[in-house]
Amino acid sequence: MADGIIISGSGRACVRPAFREDIFLVRGEGRLTQDNEPVVQYQQVSSKKQAGGDLIFSPLKQGWLDFCPETDAQVCNE
């Protein structure tokens, strides 16, 4: 463990457009061990397009959630 971060288990993340204009939703999922239920967190972010076409994501203030913020929760699980 380094600086209070557990480096163990596995995780994955995805990003998709949210229903709100110019807002994206980052979904992160991780497990401490294979026997544990996954921990899922969401972060709402805005994006800024760079000159080369890349998108840079910036977190929204108060945008870190432990539940799907969309009215249709299926959006968060696809």
# chains A, B, ... in the order shown; residues from 1 in each chain; ligands from 1

call {"tool": "select_by_dssp", "arguments": {"residues": "chain A", "states": "strand (DSSP E or B)", "output": "PyMOL selection string"}}
result
chain A and resi 2+5+10-17+23-31+39-49+55-65

call {"tool": "select_by_dssp", "arguments": {"residues": "chain A", "states": "alpha helix (DSSP H)", "output": "PyMOL selection string"}}
result
chain A and resi 74-77

call {"tool": "closest_residue", "arguments": {"among": "A:Arg27, A:Arg16, A:Pro69, A:Gly53", "to": "Val39 in chain A", "atoms": "only C-alpha atoms"}}
result
A:Arg27

call {"tool": "closest_residue", "arguments": {"among": "A:Gly52, A:Pro38, A:Gly63, A:Gly11", "to": "Phe24 in chain A", "atoms": "only C-alpha atoms"}}
result
A:Gly63

call {"tool": "closest_residue", "arguments": {"among": "A:Gln50, A:Thr71, A:Leu55, A:Gly30", "to": "Val15 in chain A", "atoms": "only C-alpha atoms"}}
result
A:Leu55

call {"tool": "closest_residue", "arguments": {"among": "A:Glu21, A:Ala13, A:Val26, A:Lys61", "to": "Tyr42 in chain A", "atoms": "only C-alpha atoms"}}
result
A:Val26
